[in-house]
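Below: the structure, in structure tokens.
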Amino acid sequence: MTMHFLDLIESRVSTNAFDPSKVVPVEQIQELVRLATHAPTAYNLQNWRFIAVHTSQAKARLRAVASDQPKITDAAVTFIIAGALPDHADVAERLRPAVEAGFMPERMVAGWEEAVRQAYGQHPGRQRDEAFRTATFAGATLMFAAQAFGLASCPMGGFDADGVAREFYLGSREIPVMLLAVGQAAEGNWPAKPRRPVGDVLSLV
Ligand SMILES: Cc1cc2nc3c(=O)[nH]c(=O)nc-3n(C[C@H](O)[C@H](O)[C@H](O)COP(=O)(O)O)c2cc1C
């Protein structure tokens with residue numbers, strides 16, 4: 001039984017206190033990541049990777065490079081969501097299923113490859129931006145999928161990126177963009193925090 005999506009948006013909070021006795025089964029971790037990969041990526045590059053930190057030993061290693069945040073050892077699992085720098089060499093492989101499914105014409109693939117080369121090849125800043133966009137969409141999708149399963153979450157930027165990359169063997173083109181703790185909320189968490197008025201943040205032009 002899942003909540004209506006708009007209710008999920010309005011009821012989500014960043015959970016600070018997690019119940020350390022709650023486990024999320026591996027099958028549910030896999031399902032969360034499967035759902036997260038429905039998020040969009042530029043050119044369908046799917047330039048992401050998810051590291052599900054769920055064993056006690058791995059949680060301790062992550063906590064040590066993440067400002068010693070207790071939620072990393074208390075939550076059932078913390079996902080390291082990594083974005084990869086876009087690479088035109090990945091395009092053909094990533095698009096093949098769409099070609100094989102019969103709706104993407106084969107001749108388009110070379111064009112997308114060239115577009116990726118042009119967009120990012122000589123532009124390290126754009127590559128990094130895209131890695132962050134990719135991982136952010138994935139993280140948001142995973143966060144709401146977790147909530148739909150009745151799980152609480154907390155996104156975290158409070159970590160040492162070099163330390164996370166080193167401890168969890170990220171590749172040279174992978175950036176740890178965000179941590180996302182997922183588990184059962186304990187007692188004592190804050191309710192949803194009020195937001196700035198729409199009139200202060202919306203420009204209608
Ligand atoms: C990019 C980002 C980084 C964050 N980093 C942390 C963090 O390291 N530790 C933490 O406890 N909360 C972290 N948060 C949670 C924010 O504090 C929280 O989203 C904010 O206070 C709004 O509360 P809400 O999510 O309950 O609406 C982060 C949130 C975002 C979006």
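Chain labels follow the order of the structure tokens: the first chain is A, the next B, and so on; residue numbering restarts at 1 in every chain, and ligands are counted from 1 in their shown order.
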Mind running chain A against ligand 1 at 7 Å and telling me each contacting residue's nearest atom pair with the distance in Å (one decimal), counting only C-alpha atoms and all ligand atoms, chain and number ascending, as CSV?
residue,atom,partner,partner_atom_place_in_ligand_line,distance
A:Arg12,CA,ligand 1,26 (O),6.7
A:Val13,CA,ligand 1,26 (O),3.4
A:Ser14,CA,ligand 1,26 (O),3.7
A:Thr15,CA,ligand 1,26 (O),6.7
A:Asn16,CA,ligand 1,11 (O),5.9
A:Cys154,CA,ligand 1,15 (C),6.0
A:Pro155,CA,ligand 1,28 (C),4.9
A:Met156,CA,ligand 1,5 (N),3.3
A:Gly157,CA,ligand 1,5 (N),3.9
A:Gly158,CA,ligand 1,8 (O),3.4
A:Phe159,CA,ligand 1,8 (O),6.8
A:Ala192,CA,ligand 1,26 (O),5.3
A:Lys193,CA,ligand 1,27 (O),5.5
Please provide as an NGL selection string all residues within 6 Å of Phe18 (chain A), with the sequence filter that same-chain residues fewer than 6 positions apart are discarded (counting only C-alpha atoms). :A and (74-75 or 184-186)
Resulting file, chosen residues, C-alpha atoms, as a compact mmCIF listing (two decimals), in the first residue's frame:
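File written: again08.txt
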# COMPACT_ATOMS: atom_id res chain seq x y z
CA ASP A 74 21.71 3.97 13.16
CA ALA A 75 19.90 3.94 9.80
CA GLN A 184 12.84 3.46 10.30
CA ALA A 185 12.37 6.75 12.14
CA ALA A 186 12.83 6.62 15.92
Residues near Lys59 (chain A), anyone? I mean within 10 Å using only C-alpha atoms, not counting same-chain ones fewer than 3 positions away, as a list in words.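 Result of the neighbour search: Ala52, Val53, His54, Thr55, Ser56, Leu62, Arg63, Ala64, Pro70, Lys71, Ile72, Thr73, Asp74, Ala75, Ala76, Val77 and Thr78 of chain A.
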For CA of Trp48 (chain A) and CA of Ala138 (chain A), the interatomic separation in Å (one decimal):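 Interatomic distance, CA of Trp48 (chain A) to CA of Ala138 (chain A): 8.0 Å.
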Region 63-196 of chain A: residues DSSP assigns to helix (DSSP H, G or I), reported as a VMD selection string: chain A and resid 63 to 64 71 to 74 88 to 100 108 to 120 124 to 148 161 to 167
Could you pull the residues within 10 Å of region 162-175 of chain A, counting only C-alpha atoms, minus those fewer than 5 positions along the same chain, as a ChimeraX atom specification? /A:47-49,51,53,58,61-66,80-87,127-128,131-132,135
Measure the distance from CA of Leu151 (chain A) to CA of Arg34 (chain A) in Å and round it to one decimal.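 Answer for the CA of Leu151 (chain A) to CA of Arg34 (chain A) separation: 16.2 Å.
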Hey, what does DSSP flag as strand (DSSP E) within region 7-131 of chain A? Can you give it to me as a ChimeraX atom specification? /A:48-53,77-84
Between A:Gln69, A:Glu27, A:Tyr43, A:Leu142, which has the minimum distance to Arg117 (chain A) (counting only C-alpha atoms)? A:Tyr43
